[in-house]
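Have a look at final.txt; it's compact mmCIF, C-alpha atoms:
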```txt
# COMPACT_ATOMS: atom_id res chain seq x y z
CA MET A 1 -8.61 10.87 8.12
CA SER A 2 -4.82 11.05 8.11
CA ARG A 3 -2.99 13.12 10.69
CA PRO A 4 -1.84 16.51 9.31
CA ILE A 5 1.90 17.05 8.89
CA VAL A 6 3.52 20.33 9.96
CA ALA A 7 7.12 21.09 8.96
CA ILE A 8 9.36 23.69 10.60
CA VAL A 9 11.71 25.15 7.99
CA GLY A 10 14.10 28.05 7.75
CA ARG A 11 17.76 28.87 7.40
CA PRO A 12 20.24 27.43 9.95
CA ASN A 13 20.41 28.58 13.55
CA VAL A 14 17.11 30.43 13.78
CA GLY A 15 15.81 28.17 16.58
CA LYS A 16 13.83 25.50 14.74
CA SER A 17 14.99 22.70 17.03
CA THR A 18 14.25 24.72 20.16
CA LEU A 19 10.68 25.31 19.01
CA PHE A 20 10.35 21.66 17.97
CA ASN A 21 11.42 20.46 21.41
CA VAL A 22 8.98 22.81 23.15
CA LEU A 23 6.10 21.54 21.02
CA ALA A 24 7.17 17.90 21.25
CA GLY A 25 7.53 18.18 25.02
CA ALA A 26 10.97 16.58 25.08
CA ASN A 27 14.52 17.38 24.11
CA ILE A 28 14.53 15.30 20.95
CA SER A 29 16.52 17.50 18.58
CA ILE A 30 20.15 18.32 19.36
CA ILE A 31 20.44 22.02 20.10
CA LYS A 32 23.76 23.78 19.66
CA ASP A 33 24.41 27.40 18.73
CA THR A 34 26.18 26.42 15.52
CA PRO A 35 24.57 26.44 12.06
CA GLY A 36 23.84 22.99 10.68
CA VAL A 37 23.71 21.00 13.91
CA THR A 38 20.29 19.49 13.16
CA ARG A 39 21.39 17.47 10.16
CA ASP A 40 18.50 15.07 10.00
CA ARG A 41 14.83 15.55 10.37
CA ILE A 42 13.16 14.49 13.57
CA TYR A 43 9.42 13.97 13.93
CA ALA A 44 7.04 13.85 16.87
CA GLU A 45 3.33 13.62 17.63
CA VAL A 46 1.77 16.83 18.95
CA ASN A 47 -1.71 17.66 20.25
CA TRP A 48 -3.03 21.20 20.44
CA THR A 49 -6.58 22.00 21.54
CA GLY A 50 -7.84 18.64 20.32
CA TYR A 51 -5.88 18.62 17.06
CA ASP A 52 -3.39 15.79 16.59
CA PHE A 53 -0.62 16.36 14.07
CA THR A 54 2.86 15.17 13.15
CA LEU A 55 5.61 17.75 13.58
CA ILE A 56 8.78 17.60 11.48
CA ASP A 57 12.03 19.33 12.36
CA THR A 58 14.45 19.97 9.49
CA GLY A 59 18.03 20.93 8.92
CA GLY A 60 18.47 24.58 8.00
CA ILE A 61 18.20 25.71 4.39
CA GLU A 62 21.17 27.57 2.91
CA PRO A 63 20.03 28.08 -0.69
CA GLU A 64 23.33 29.32 -2.13
CA SER A 65 25.71 26.92 -0.39
CA ASP A 66 27.56 24.17 -2.27
CA ASP A 67 28.73 22.44 0.89
CA VAL A 68 27.81 18.74 0.67
CA ILE A 69 26.20 18.52 4.10
CA VAL A 70 24.30 21.78 3.65
CA ARG A 71 23.10 20.69 0.21
CA GLN A 72 21.79 17.45 1.66
CA MET A 73 20.07 19.37 4.46
CA ARG A 74 18.43 21.55 1.81
CA GLU A 75 17.18 18.45 -0.03
CA GLN A 76 15.75 17.05 3.19
CA ALA A 77 13.99 20.32 3.93
CA GLN A 78 12.58 20.34 0.39
CA ILE A 79 11.07 16.89 0.97
CA ALA A 80 9.58 18.14 4.24
CA ILE A 81 8.07 21.11 2.39
CA GLU A 82 6.54 18.85 -0.26
CA THR A 83 5.16 16.44 2.32
CA ALA A 84 3.76 18.95 4.82
CA ASP A 85 0.16 20.16 4.99
CA VAL A 86 1.22 23.35 6.81
CA ILE A 87 4.68 24.95 7.06
CA ILE A 88 6.07 27.02 9.93
CA PHE A 89 8.63 29.37 8.39
CA MET A 90 11.08 30.29 11.16
CA THR A 91 13.15 33.50 11.13
CA ASP A 92 15.37 35.24 13.70
CA VAL A 93 14.53 38.73 15.01
CA ARG A 94 18.04 39.23 16.40
CA GLU A 95 19.74 38.72 13.07
CA GLY A 96 17.01 40.54 11.19
CA LEU A 97 15.79 39.86 7.69
CA GLN A 98 18.47 38.06 5.67
CA ASP A 99 18.84 37.42 1.93
CA ALA A 100 18.61 33.70 2.73
CA ASP A 101 15.20 34.30 4.33
CA VAL A 102 13.98 35.89 1.09
CA THR A 103 15.23 32.90 -0.92
CA VAL A 104 13.55 30.44 1.45
CA ALA A 105 10.34 32.46 1.15
CA GLU A 106 10.49 32.02 -2.62
CA MET A 107 10.82 28.23 -2.18
CA LEU A 108 7.79 28.23 0.08
CA ARG A 109 5.71 30.32 -2.32
CA LYS A 110 6.37 27.79 -5.09
CA SER A 111 5.13 24.98 -2.84
CA ARG A 112 1.66 26.62 -2.69
CA LYS A 113 1.32 25.24 0.85
CA PRO A 114 -0.13 27.22 3.79
CA VAL A 115 2.75 29.03 5.53
CA VAL A 116 2.79 30.53 9.03
CA LEU A 117 5.65 33.01 9.47
CA ALA A 118 7.26 32.83 12.92
CA VAL A 119 9.79 35.42 14.08
CA ASN A 120 11.77 33.73 16.82
CA LYS A 121 13.78 35.03 19.79
CA VAL A 122 11.29 37.83 20.53
CA ASP A 123 11.77 38.00 24.29
CA SER A 124 10.05 41.39 24.62
CA TYR A 125 7.48 42.31 21.97
CA GLN A 126 7.26 45.90 23.20
CA LYS A 127 11.00 46.43 22.72
CA GLN A 128 11.31 44.41 19.51
CA GLN A 129 8.04 45.33 17.81
CA MET A 130 9.63 47.37 15.03
CA ASP A 131 12.15 44.58 14.36
CA VAL A 132 9.28 42.12 13.92
CA TYR A 133 7.55 44.44 11.42
CA GLU A 134 10.61 44.19 9.17
CA PHE A 135 9.55 40.64 8.24
CA TYR A 136 6.40 41.89 6.50
CA GLU A 137 8.77 42.45 3.57
CA LEU A 138 8.76 38.67 2.97
CA GLY A 139 5.15 38.88 1.81
CA MET A 140 4.25 35.76 3.82
CA GLY A 141 1.43 37.29 5.86
CA ASP A 142 1.52 38.56 9.43
CA PRO A 143 4.79 37.69 11.22
CA MET A 144 4.06 35.99 14.53
CA PRO A 145 6.48 36.88 17.36
CA VAL A 146 7.58 33.89 19.41
CA SER A 147 10.33 32.87 21.78
CA GLY A 148 11.07 29.16 21.70
CA SER A 149 13.44 29.33 24.65
CA ASN A 150 11.00 31.35 26.81
CA ARG A 151 7.88 29.61 25.44
CA GLN A 152 6.22 32.90 24.53
CA GLY A 153 3.71 33.23 21.71
CA ILE A 154 3.59 29.46 21.16
CA GLY A 155 -0.16 29.17 21.70
CA ASP A 156 -0.97 31.91 19.18
CA LEU A 157 1.38 30.27 16.67
CA LEU A 158 -0.31 26.88 17.04
CA ASP A 159 -3.76 28.44 16.82
CA GLU A 160 -2.73 29.90 13.47
CA VAL A 161 -1.31 26.55 12.28
CA THR A 162 -4.39 24.53 13.22
CA LYS A 163 -6.68 26.95 11.33
CA TYR A 164 -5.48 25.30 8.14
CA PHE A 165 -6.21 21.71 9.23
CA ASP A 166 -9.94 21.69 8.51
CA SER A 167 -9.46 23.11 5.02
CA ALA A 168 -6.71 20.60 4.31
CA ALA A 169 -8.96 17.77 5.50
CA GLY A 170 -11.75 19.07 3.29
CA GLU A 171 -9.55 18.67 0.24
CA GLU A 172 -9.31 14.93 0.83
CA GLU A 173 -11.86 13.02 -1.18
CA GLU A 174 -13.90 10.41 0.60
CA ASP A 175 -12.83 7.02 -0.66
CA ASP A 176 -13.85 3.68 0.79
CA ALA A 177 -11.00 1.81 -0.92
CA PRO A 178 -8.41 0.71 1.65
CA LYS A 179 -5.09 2.54 1.42
CA ILE A 180 -2.00 0.35 1.49
CA ALA A 181 1.43 1.95 2.02
CA ILE A 182 4.40 0.05 0.61
CA VAL A 183 7.39 1.10 2.71
CA GLY A 184 10.94 -0.07 3.25
CA LYS A 185 14.53 0.98 2.85
CA PRO A 186 15.83 1.79 -0.66
CA ASN A 187 16.16 -0.87 -3.33
CA VAL A 188 14.11 -3.61 -1.67
CA GLY A 189 11.63 -3.78 -4.56
CA LYS A 190 8.70 -1.63 -3.40
CA SER A 191 7.89 -0.32 -6.89
CA SER A 192 8.54 -3.73 -8.42
CA ILE A 193 5.85 -5.26 -6.22
CA ILE A 194 3.28 -2.65 -7.25
CA ASN A 195 4.27 -2.85 -10.92
CA LYS A 196 3.89 -6.63 -10.85
CA LEU A 197 0.44 -6.32 -9.28
CA ILE A 198 -0.57 -3.81 -11.94
CA GLY A 199 1.07 -5.43 -14.96
CA GLU A 200 0.37 -9.05 -14.22
CA ASN A 201 -3.29 -8.60 -13.28
CA ARG A 202 -3.96 -5.73 -15.74
CA MET A 203 -6.30 -4.25 -13.15
CA ILE A 204 -5.16 -0.67 -12.86
CA VAL A 205 -8.14 1.69 -12.79
CA SER A 206 -6.44 5.05 -12.47
CA ASN A 207 -3.35 6.87 -11.25
CA ILE A 208 -3.82 9.47 -8.55
CA ALA A 209 -1.27 12.15 -7.82
CA GLY A 210 0.33 11.37 -4.48
CA THR A 211 1.15 13.84 -1.73
CA THR A 212 4.87 13.79 -2.48
CA ARG A 213 6.70 14.62 -5.66
CA ASP A 214 7.91 11.12 -6.48
CA ALA A 215 5.06 9.06 -5.05
CA ILE A 216 2.20 7.79 -7.17
CA ASP A 217 -0.94 6.18 -5.79
CA SER A 218 -2.12 3.23 -7.86
CA ARG A 219 -5.71 2.07 -7.73
CA ILE A 220 -5.72 -1.69 -8.27
CA LYS A 221 -8.74 -3.96 -8.56
CA PHE A 222 -8.44 -7.57 -7.46
CA GLN A 223 -11.34 -10.04 -7.46
CA GLY A 224 -13.87 -7.22 -7.65
CA LYS A 225 -12.40 -5.13 -4.81
CA GLU A 226 -10.39 -1.93 -5.17
CA TYR A 227 -7.24 -1.03 -3.25
CA ILE A 228 -5.12 2.12 -3.31
CA PHE A 229 -1.41 1.36 -3.10
CA ILE A 230 0.82 4.20 -1.91
CA ASP A 231 4.27 3.81 -3.43
CA THR A 232 7.22 5.48 -1.69
CA ALA A 233 9.63 4.81 -4.53
CA GLY A 234 10.76 8.41 -4.29
CA LEU A 235 12.83 7.33 -1.31
CA ARG A 236 15.37 5.85 -3.66
CA ARG A 237 17.66 8.77 -4.31
CA LYS A 238 21.29 8.58 -5.30
CA SER A 239 23.58 9.75 -2.54
CA LYS A 240 27.17 9.15 -1.56
CA VAL A 241 26.26 9.24 2.11
CA LYS A 242 24.39 6.16 3.30
CA GLU A 243 22.82 7.96 6.25
CA GLU A 244 21.15 10.39 3.88
CA LEU A 245 19.13 7.58 2.31
CA GLU A 246 17.84 6.70 5.75
CA ARG A 247 16.82 10.28 6.41
CA PHE A 248 14.96 10.54 3.13
CA THR A 249 13.29 7.23 3.94
CA VAL A 250 11.97 8.36 7.32
CA ILE A 251 10.13 11.45 6.13
CA ARG A 252 8.45 9.72 3.21
CA THR A 253 7.59 6.76 5.42
CA VAL A 254 5.93 9.02 7.99
CA ALA A 255 3.84 10.67 5.28
CA ALA A 256 2.81 7.39 3.64
CA VAL A 257 2.01 5.68 6.95
CA GLU A 258 -0.18 8.59 8.08
CA ARG A 259 -2.40 8.12 5.02
CA ALA A 260 -2.53 4.32 5.11
CA ASP A 261 -4.91 1.80 6.63
CA VAL A 262 -2.41 -1.04 6.25
CA VAL A 263 1.37 -0.80 5.93
CA VAL A 264 3.32 -3.41 3.97
CA ILE A 265 6.93 -3.38 5.17
CA VAL A 266 9.17 -4.77 2.42
CA ILE A 267 12.39 -6.52 3.46
CA ASP A 268 15.11 -7.71 1.08
CA ALA A 269 15.54 -11.48 1.51
CA ALA A 270 19.17 -11.28 0.44
CA ASP A 271 20.09 -8.52 2.91
CA GLY A 272 18.02 -9.85 5.79
CA ILE A 273 16.41 -7.73 8.48
CA SER A 274 18.27 -4.52 9.32
CA GLU A 275 18.20 -1.75 11.91
CA GLN A 276 16.69 0.58 9.32
CA ASP A 277 13.90 -1.94 8.69
CA ALA A 278 13.21 -1.87 12.43
CA LYS A 279 12.98 1.94 12.42
CA ILE A 280 10.56 1.92 9.51
CA ALA A 281 8.43 -0.78 11.13
CA GLY A 282 8.46 1.18 14.37
CA ILE A 283 6.82 4.16 12.68
CA ALA A 284 3.88 2.01 11.55
CA HIS A 285 3.63 0.29 14.94
CA GLU A 286 3.59 3.58 16.89
CA ARG A 287 0.69 4.80 14.80
CA GLY A 288 -1.31 1.63 15.35
CA LYS A 289 -1.57 0.73 11.68
CA GLY A 290 -2.31 -2.71 10.30
CA ILE A 291 1.01 -4.32 9.39
CA VAL A 292 2.14 -6.97 6.90
CA ILE A 293 5.81 -7.89 6.46
CA ALA A 294 6.70 -8.87 2.89
CA VAL A 295 10.07 -10.58 2.42
CA ASN A 296 10.85 -9.82 -1.23
CA LYS A 297 13.28 -11.50 -3.66
CA TRP A 298 12.58 -14.85 -2.02
CA ASP A 299 13.07 -16.56 -5.40
CA ALA A 300 16.77 -15.61 -5.31
CA ILE A 301 17.44 -17.39 -2.00
CA GLN A 302 18.92 -20.88 -1.93
CA LYS A 303 16.54 -22.76 0.29
CA GLU A 304 16.71 -25.68 2.65
CA THR A 305 13.92 -27.27 4.67
CA ASN A 306 14.00 -24.75 7.53
CA THR A 307 14.99 -21.63 5.56
CA PRO A 308 11.65 -19.79 5.90
CA ARG A 309 11.37 -20.71 9.58
CA GLU A 310 14.91 -19.50 10.33
CA PHE A 311 14.39 -16.27 8.43
CA GLU A 312 11.11 -15.61 10.23
CA LYS A 313 12.81 -16.25 13.57
CA LYS A 314 15.40 -13.55 12.81
CA VAL A 315 12.69 -11.11 11.76
CA ARG A 316 10.73 -11.79 14.94
CA GLU A 317 13.85 -11.24 17.05
CA VAL A 318 14.59 -7.82 15.52
CA LEU A 319 10.93 -6.79 15.36
CA SER A 320 10.05 -8.19 18.77
CA TYR A 321 7.40 -5.50 19.24
CA LEU A 322 5.51 -6.84 16.18
CA PRO A 323 4.60 -10.40 17.16
CA TYR A 324 1.17 -9.83 15.61
CA ALA A 325 2.44 -8.99 12.10
CA GLN A 326 1.88 -11.52 9.32
CA ILE A 327 5.01 -12.46 7.32
CA LEU A 328 4.79 -13.31 3.61
CA PHE A 329 7.66 -14.57 1.47
CA VAL A 330 7.15 -13.08 -1.99
CA SER A 331 8.89 -12.32 -5.27
CA ALA A 332 8.15 -9.24 -7.35
CA GLU A 333 10.22 -10.82 -10.12
CA THR A 334 8.15 -13.99 -10.48
CA GLY A 335 4.92 -12.89 -8.79
CA GLN A 336 5.33 -15.67 -6.20
CA ARG A 337 2.65 -15.37 -3.46
CA LEU A 338 1.79 -11.78 -4.42
CA PRO A 339 -1.94 -12.62 -4.82
CA LYS A 340 -1.91 -13.73 -1.19
CA LEU A 341 -1.03 -10.15 -0.29
CA PHE A 342 -4.62 -9.11 -1.00
CA SER A 343 -6.25 -11.74 1.22
CA THR A 344 -3.77 -10.91 3.98
CA ILE A 345 -4.57 -7.19 3.70
CA ASP A 346 -8.30 -7.98 3.88
CA MET A 347 -7.75 -10.05 7.02
CA VAL A 348 -5.72 -7.29 8.68
CA ILE A 349 -8.34 -4.64 7.87
CA GLU A 350 -11.07 -6.87 9.30
CA ASN A 351 -9.07 -7.36 12.49
CA GLN A 352 -8.27 -3.64 12.70
CA ASN A 353 -11.99 -2.90 12.75
CA LYS A 354 -13.11 -5.81 14.92
CA ARG A 355 -15.30 -4.98 17.93
CA ILE A 356 -15.71 -7.23 20.95
CA ALA A 357 -18.88 -7.03 23.05
CA THR A 358 -18.19 -5.82 26.59
CA GLY A 359 -19.80 -8.86 28.20
CA VAL A 360 -17.76 -11.34 26.19
CA LEU A 361 -14.59 -9.33 26.75
CA ASN A 362 -15.04 -9.32 30.50
CA GLU A 363 -15.60 -13.08 30.55
CA ILE A 364 -12.16 -13.52 28.96
CA ILE A 365 -10.57 -11.09 31.42
CA THR A 366 -12.21 -12.87 34.36
CA GLU A 367 -10.87 -16.25 33.15
CA ALA A 368 -7.42 -14.70 32.66
CA ILE A 369 -7.45 -13.36 36.23
CA ALA A 370 -8.47 -16.79 37.56
CA LEU A 371 -5.55 -18.43 35.73
CA ASN A 372 -3.00 -15.80 36.72
CA SER A 373 -3.70 -13.54 39.71
CA PRO A 374 -3.04 -9.79 39.31
CA PRO A 375 0.19 -8.45 40.84
CA THR A 376 0.51 -6.99 44.34
CA ASP A 377 2.72 -4.29 45.80
CA LYS A 378 3.24 -3.74 49.51
CA GLY A 379 0.26 -5.89 50.33
CA LYS A 380 -2.05 -4.12 47.90
CA ARG A 381 -3.41 -6.18 45.03
CA LEU A 382 -4.46 -4.92 41.63
CA LYS A 383 -8.22 -5.20 41.12
CA ILE A 384 -9.64 -5.16 37.61
CA TYR A 385 -13.27 -4.02 37.69
CA TYR A 386 -14.16 -4.27 34.04
CA THR A 387 -12.89 -3.75 30.50
CA THR A 388 -14.55 -2.25 27.45
CA GLN A 389 -13.54 -1.58 23.86
CA VAL A 390 -13.78 2.11 22.97
CA SER A 391 -12.53 2.34 19.38
CA VAL A 392 -11.09 0.51 16.37
CA ALA A 393 -8.17 0.94 13.94
CA PRO A 394 -6.42 0.06 16.13
CA PRO A 395 -8.72 -1.78 18.55
CA THR A 396 -8.48 0.18 21.80
CA PHE A 397 -9.57 -1.04 25.21
CA VAL A 398 -10.09 0.77 28.52
CA ILE A 399 -9.39 -1.24 31.67
CA PHE A 400 -10.83 0.14 34.93
CA VAL A 401 -8.76 -0.74 38.00
CA ASN A 402 -8.36 0.26 41.64
CA ASP A 403 -4.78 1.54 41.22
CA LYS A 404 -3.18 1.88 37.77
CA GLN A 405 0.30 1.95 39.34
CA LEU A 406 -0.22 -1.73 40.14
CA MET A 407 -0.82 -2.61 36.48
CA HIS A 408 2.62 -3.94 35.60
CA PHE A 409 3.61 -3.97 31.94
CA SER A 410 4.07 -7.74 31.98
CA TYR A 411 0.56 -8.33 33.32
CA LEU A 412 -0.92 -6.01 30.71
CA ARG A 413 0.93 -7.99 28.06
CA TYR A 414 -0.49 -11.19 29.58
CA LEU A 415 -4.03 -9.82 29.26
CA GLU A 416 -3.32 -8.75 25.68
CA ASN A 417 -2.15 -12.26 24.83
CA GLN A 418 -5.31 -13.76 26.30
CA ILE A 419 -7.45 -11.43 24.18
CA ARG A 420 -5.40 -12.22 21.07
CA ASN A 421 -5.61 -15.96 21.64
CA THR A 422 -9.38 -15.73 21.89
CA PHE A 423 -10.30 -13.24 19.17
CA ASP A 424 -7.42 -13.37 16.62
CA PHE A 425 -6.16 -9.85 16.10
CA THR A 426 -3.46 -10.91 13.63
CA GLY A 427 -1.92 -7.96 11.81
CA THR A 428 -2.99 -5.20 14.17
CA ALA A 429 -1.66 -3.59 17.30
CA LEU A 430 -3.92 -3.39 20.35
CA ARG A 431 -4.04 -0.28 22.51
CA PHE A 432 -4.82 -0.35 26.24
CA ILE A 433 -5.80 2.58 28.45
CA VAL A 434 -5.71 1.92 32.20
CA ARG A 435 -7.99 4.11 34.32
CA GLU A 436 -8.58 4.21 38.05
CA ARG A 437 -12.01 3.84 39.58
CA SER A 438 -12.75 3.47 43.27
CA GLU A 439 -14.71 0.54 44.70
CA LYS A 440 -17.41 3.03 45.71
CA ASP A 441 -17.88 3.92 42.04
CA GLN A 442 -18.41 0.26 41.23
CA LYS A 443 -21.42 -0.04 43.51
```
With the file now loaded, output its structure as structure tokens.
Amino acid sequence: MSRPIVAIVGRPNVGKSTLFNVLAGANISIIKDTPGVTRDRIYAEVNWTGYDFTLIDTGGIEPESDDVIVRQMREQAQIAIETADVIIFMTDVREGLQDADVTVAEMLRKSRKPVVLAVNKVDSYQKQQMDVYEFYELGMGDPMPVSGSNRQGIGDLLDEVTKYFDSAAGEEEEDDAPKIAIVGKPNVGKSSIINKLIGENRMIVSNIAGTTRDAIDSRIKFQGKEYIFIDTAGLRRKSKVKEELERFTVIRTVAAVERADVVVIVIDAADGISEQDAKIAGIAHERGKGIVIAVNKWDAIQKETNTPREFEKKVREVLSYLPYAQILFVSAETGQRLPKLFSTIDMVIENQNKRIATGVLNEIITEAIALNSPPTDKGKRLKIYYTTQVSVAPPTFVIFVNDKQLMHFSYLRYLENQIRNTFDFTGTALRFIVRERSEKDQK
């Protein structure tokens, strides 16, 4: 099941970023007491009482403003509203109910999404109780008093938000078909790839309404097997400001990746690998999704003997954290190597769900330790007692040791490489959890 998405929206300067930072546990959003400071949306992973969800911070909504920056912030917030499963509508008790709050409330009503109304900056509920009641006029349910800066009322707010998660999950239909997200920066040919797969193979079964306004899920059948392709073509929006395209890309990418089993990152062969490509790839990597890198428009590149090898080297340098990702050179225009996309996706899904028996796994770890002794610090050596796989998608391993502070990143990477060399986890990240256990517990 995909991770729910919660968006914090509201007019400027009501404290959205402060609340976001409290929930995210870090000062991620820039906070300044000036309207419009948070110009792009930031996202973070949050856990509350066992519920994992993605939190989105947005720029403030000023519905009547024609200012270019404010208009773009409004568009970003609208995308967040469309993408979210639950919306936290933030208001300001000190400024009271504003006309802009009423207009934002109308936007939220049209979305038909669950909305939790938060009245921020309530430092003393007893003194400000009547001011909080004023927000009942919005018709958005019970206003919840909170103080982002003082961390008051946050637990009650999150309890209210997570109430909607189970019902939202229930709306998702069970479907065994793997979900493939096609992501990438604007104009790299994401839709063209899907259209070629549909048109050339004539295997479309149905169209399913996607979770965002401009995204359509296409069910494609290839060699008797069905796949659901999630198209994020809605990312391609005309804008005079280049950064805005990147901001639109991030939110749609987060939403698509959350729903996907495998993420196909599309890179333009003519433009080469970019910083924005790295950001998009990083979202998929952080969430442990299966990953395939598709270099599109390869037919338009003048080639020499080492052209593919040189291009792949550049991709690997920029995406150094994705050494496991498979790279395909394709063309949506000609259909070159697109059929191979299906077999690659199948391989990645198989590797994502691969389980290794504990006994076999520990034999490999023992051999790895014999070849390269664990690190020491101040005369104390790392001891690895045993390792076991605890979950899949992505494959996750728990390593029990005497002192997890001694498990240096480089040695953990060494163990990962040994496991990869033995079991072939191409296309998927591996997760490692290091836990301490005393020698007494081992007996």
So which one's closest to Arg437 (chain A), A:Val292, A:Val398, A:Val22, A:Ile228? Using only C-alpha atoms, please.
A:Val398
Of the candidates A:Val93, A:Ile180, A:Val392, A:Ile365, which one gets nearest to Phe425 (chain A) if we count only C-alpha atoms?
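Checking each candidate against Phe425 (chain A), we get A:Val392 as the closest.
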Here's a test: counting all atoms listed in the file, identify every protein, DNA and RNA residue with an atom at most 8 Å from (-6.3, -1.7, -4.5) in the file's coordinate frame, and state them as a list in words.
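Those residues, ordered by chain and then number, are Ala177, Pro178, Lys179, Ile180, Ser218, Arg219, Ile220, Lys221, Phe222, Lys225, Glu226, Tyr227, Ile228 and Phe229 of chain A.
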Which is closest to Thr334 (chain A) among A:Asp299, A:Glu106, A:Asp92, A:Glu350, if we use only C-alpha atoms?
A:Asp299
Within 12 Å of region 184-202 of chain A, which residues of region 291-384 of chain A come that close, and what is the closest atom pair and distance in Å for each? Count all atoms listed in the file and give it as CSV.
```
residue,atom,partner,partner_atom,distance
A:Val292,CA,A:Gly184,CA,11.8
A:Ile293,CA,A:Gly184,CA,9.9
A:Ala294,CA,A:Gly184,CA,9.8
A:Val295,CA,A:Val188,CA,9.0
A:Asn296,CA,A:Gly189,CA,6.9
A:Lys297,CA,A:Gly189,CA,7.9
A:Trp298,CA,A:Val188,CA,11.3
A:Val330,CA,A:Ile193,CA,9.0
A:Ser331,CA,A:Ile193,CA,7.7
A:Ala332,CA,A:Ile193,CA,4.7
A:Glu333,CA,A:Ser192,CA,7.5
A:Thr334,CA,A:Lys196,CA,8.5
A:Gly335,CA,A:Lys196,CA,6.7
A:Gln336,CA,A:Lys196,CA,10.3
A:Arg337,CA,A:Ile193,CA,11.0
A:Leu338,CA,A:Leu197,CA,7.4
A:Pro339,CA,A:Leu197,CA,8.1
A:Lys340,CA,A:Leu197,CA,11.2
A:Leu341,CA,A:Leu197,CA,9.9
A:Phe342,CA,A:Leu197,CA,10.1
```
Please identify all polymer residues lying at most 12 Å from the point (12.2, 36.5, 26.8) (file coordinates), using all atoms listed in the file, and present the result as an MDAnalysis selection string.
chainID A and resid 120:128 145:153
Residues from last step as file, C-alpha atoms, as a short mmCIF file (atom, residue, chain, number, x, y, z; two decimals), in the frame of the given file:
```cif
data_model
loop_
_atom_site.label_atom_id
_atom_site.label_comp_id
_atom_site.auth_asym_id
_atom_site.auth_seq_id
_atom_site.Cartn_x
_atom_site.Cartn_y
_atom_site.Cartn_z
CA ASN A 120 11.77 33.73 16.82
CA LYS A 121 13.78 35.03 19.79
CA VAL A 122 11.29 37.83 20.53
CA ASP A 123 11.77 38.00 24.29
CA SER A 124 10.05 41.39 24.62
CA TYR A 125 7.48 42.31 21.97
CA GLN A 126 7.26 45.90 23.20
CA LYS A 127 11.00 46.43 22.72
CA GLN A 128 11.31 44.41 19.51
CA PRO A 145 6.48 36.88 17.36
CA VAL A 146 7.58 33.89 19.41
CA SER A 147 10.33 32.87 21.78
CA GLY A 148 11.07 29.16 21.70
CA SER A 149 13.44 29.33 24.65
CA ASN A 150 11.00 31.35 26.81
CA ARG A 151 7.88 29.61 25.44
CA GLN A 152 6.22 32.90 24.53
CA GLY A 153 3.71 33.23 21.71
#
```
One decimal, in Å: what's the spacing between CA of Pro12 (chain A) and CA of Thr162 (chain A)?
25.0 Å
So what do you get for CA of Ile419 (chain A) versus CA of Ala368 (chain A), distance-wise?
9.1 Å
Have a look at A:Ile345, A:Val183, A:Leu415, A:Val434 and name the one nearest to Leu361 (chain A); count only C-alpha atoms.
A:Leu415
Please compute the CA of Asp231 (chain A)-CA of Thr253 (chain A) distance, one decimal, in Å.
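Atom-to-atom, CA of Asp231 (chain A) to CA of Thr253 (chain A), that is 9.9 Å.
Proximity ranking of A:Thr58, A:Gln223, A:Asn47, A:Thr307 relative to Gly155 (chain A) places A:Asn47 first, based on all atoms listed in the file.
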Pick from A:Asp271, A:Gln389, A:Thr232, A:Glu436 nearest to Gln405 (chain A), counting all atoms listed in the file
A:Glu436
With only C-alpha atoms as the counted atoms, please give the residues lying no more than 12 Å from region 98-103 of chain A, apart from itself and same-chain residues fewer than 5 positions off, as an NGL selection string.
:A and (9-12 or 14 or 60-65 or 89-93 or 108-110 or 117-119 or 134-140)
